[in-house]
Amino acid sequence: MKKTFVILLLIGFAACSSYKPVAPTQSDADRGAQKYPGLSLADLNQGKAIFEAKCEKCHSLKRPFMVSNADVEKIMPKMAMKANLDHKSADLVLQYLLTMKSAPKK
């Protein structure tokens with residue numbers, strides 16, 4: 001009984017752990033380049049790194065993936081200002097988010 005409780009407790013802690021965004025692949029970059037010509041895998045990885053470093057300070061990293069693209073596009077300028085992002089960094093984060101939100105669900 002005690003062992004079962006400990007196992008369930010560990011599973012509960014694992015389920016509540018922080019969200020880690022999926023790393024982009026070349027197929028994500030190819031898909032994103034259809035909307036953002038010239039977008040590369042390196043750009044997506046840079047956007048992901050900025051997103052993880054700056055955005056988690058104020059909210060869950062899962063949050064932008066739970067709202068519509070329109071909502072992300074609308075709030076991004078305000079969030080970029082709060083995170084002290086320059087225009088290029090903000091664009092990389094936005095491109096990362098919108099590209100990865102359009103990824104096929106596994």
# chains A, B, ... in the order shown; residues from 1 in each chain; ligands from 1

call {"tool": "residues_around", "arguments": {"residues": "segment 67-83 of chain A", "least_positions_apart": "4", "cutoff": "7 Å", "atoms": "only C-alpha atoms", "output": "ChimeraX atom specification"}}
result
/A:54-55,90,98

call {"tool": "write_last_selection", "arguments": {"atoms": "N, CA and C atoms", "output": "PDB file, in the first residue's frame"}}
result
ATOM      1  N   LYS A  54      13.144  33.759 -21.943  1.00  0.00           N
ATOM      2  CA  LYS A  54      12.480  35.009 -21.569  1.00  0.00           C
ATOM      3  C   LYS A  54      11.039  34.836 -21.085  1.00  0.00           C
ATOM      4  N   CYS A  55      10.286  33.940 -21.722  1.00  0.00           N
ATOM      5  CA  CYS A  55       8.838  33.894 -21.470  1.00  0.00           C
ATOM      6  C   CYS A  55       8.460  33.118 -20.213  1.00  0.00           C
ATOM      7  N   ALA A  90      11.738  39.183 -31.158  1.00  0.00           N
ATOM      8  CA  ALA A  90      10.282  39.016 -31.071  1.00  0.00           C
ATOM      9  C   ALA A  90       9.752  38.285 -32.302  1.00  0.00           C
ATOM     10  N   LEU A  98       4.130  30.183 -33.941  1.00  0.00           N
ATOM     11  CA  LEU A  98       3.108  29.917 -34.947  1.00  0.00           C
ATOM     12  C   LEU A  98       3.454  28.709 -35.810  1.00  0.00           C
TER      13      LEU A  98
END

call {"tool": "closest_residue", "arguments": {"among": "A:Pro37, A:Pro104, A:Gly32, A:Gly47", "to": "Lys88 of chain A", "atoms": "only C-alpha atoms"}}
result
A:Gly47

call {"tool": "select_by_dssp", "arguments": {"residues": "segment 14-91 of chain A", "states": "alpha helix (DSSP H)", "output": "ChimeraX atom specification"}}
result
/A:14-15,26-35,41-50,69-82,87-91

call {"tool": "closest_residue", "arguments": {"among": "A:Ala33, A:Leu44, A:Leu61, A:Ile50", "to": "Asn84 of chain A", "atoms": "only C-alpha atoms"}}
result
A:Ile50

call {"tool": "residues_around", "arguments": {"residues": "Asn45 of chain A", "least_positions_apart": "6", "cutoff": "9 Å", "atoms": "only C-alpha atoms", "output": "list in words"}}
result
Ala23, Pro24, Thr25, Leu92 and Tyr96 of chain A

call {"tool": "atom_distance", "arguments": {"atom1": "atom CA of Leu97 of chain A", "atom2": "atom CA of Glu56 of chain A"}}
result
13.8 Å

call {"tool": "closest_residue", "arguments": {"among": "A:Ser60, A:Gln95, A:Ser102, A:Ser27", "to": "Lys48 of chain A", "atoms": "only C-alpha atoms"}}
result
A:Gln95

call {"tool": "residues_around", "arguments": {"residues": "Asp30 of chain A", "least_positions_apart": "6", "cutoff": "10 Å", "atoms": "only C-alpha atoms", "output": "compact mmCIF listing (two decimals) with N, CA and C atoms, in the first residue's frame"}}
result
# COMPACT_ATOMS: atom_id res chain seq x y z
N TYR A 36 6.71 32.06 -43.78
CA TYR A 36 7.80 33.00 -43.53
C TYR A 36 8.97 32.64 -44.45
N PRO A 37 8.97 33.12 -45.69
CA PRO A 37 10.05 32.77 -46.63
C PRO A 37 11.43 33.05 -46.04
N GLY A 38 12.33 32.08 -46.21
CA GLY A 38 13.68 32.22 -45.68
C GLY A 38 13.85 31.69 -44.27
N LEU A 39 12.75 31.28 -43.63
CA LEU A 39 12.83 30.74 -42.27
C LEU A 39 13.65 29.45 -42.30
N SER A 40 14.60 29.34 -41.38
CA SER A 40 15.46 28.16 -41.32
C SER A 40 15.27 27.42 -40.00
N LEU A 41 15.81 26.23 -39.95
CA LEU A 41 15.79 25.45 -38.71
C LEU A 41 16.55 26.20 -37.62
N THR A 99 4.73 28.50 -36.07
CA THR A 99 5.13 27.32 -36.84
C THR A 99 4.89 26.05 -36.03

call {"tool": "atom_distance", "arguments": {"atom1": "atom CA of Ala29 of chain A", "atom2": "atom CA of Phe65 of chain A"}}
result
17.6 Å

call {"tool": "closest_residue", "arguments": {"among": "A:Ala103, A:Leu85, A:His59, A:Val93", "to": "Gln46 of chain A", "atoms": "only C-alpha atoms"}}
result
A:Val93
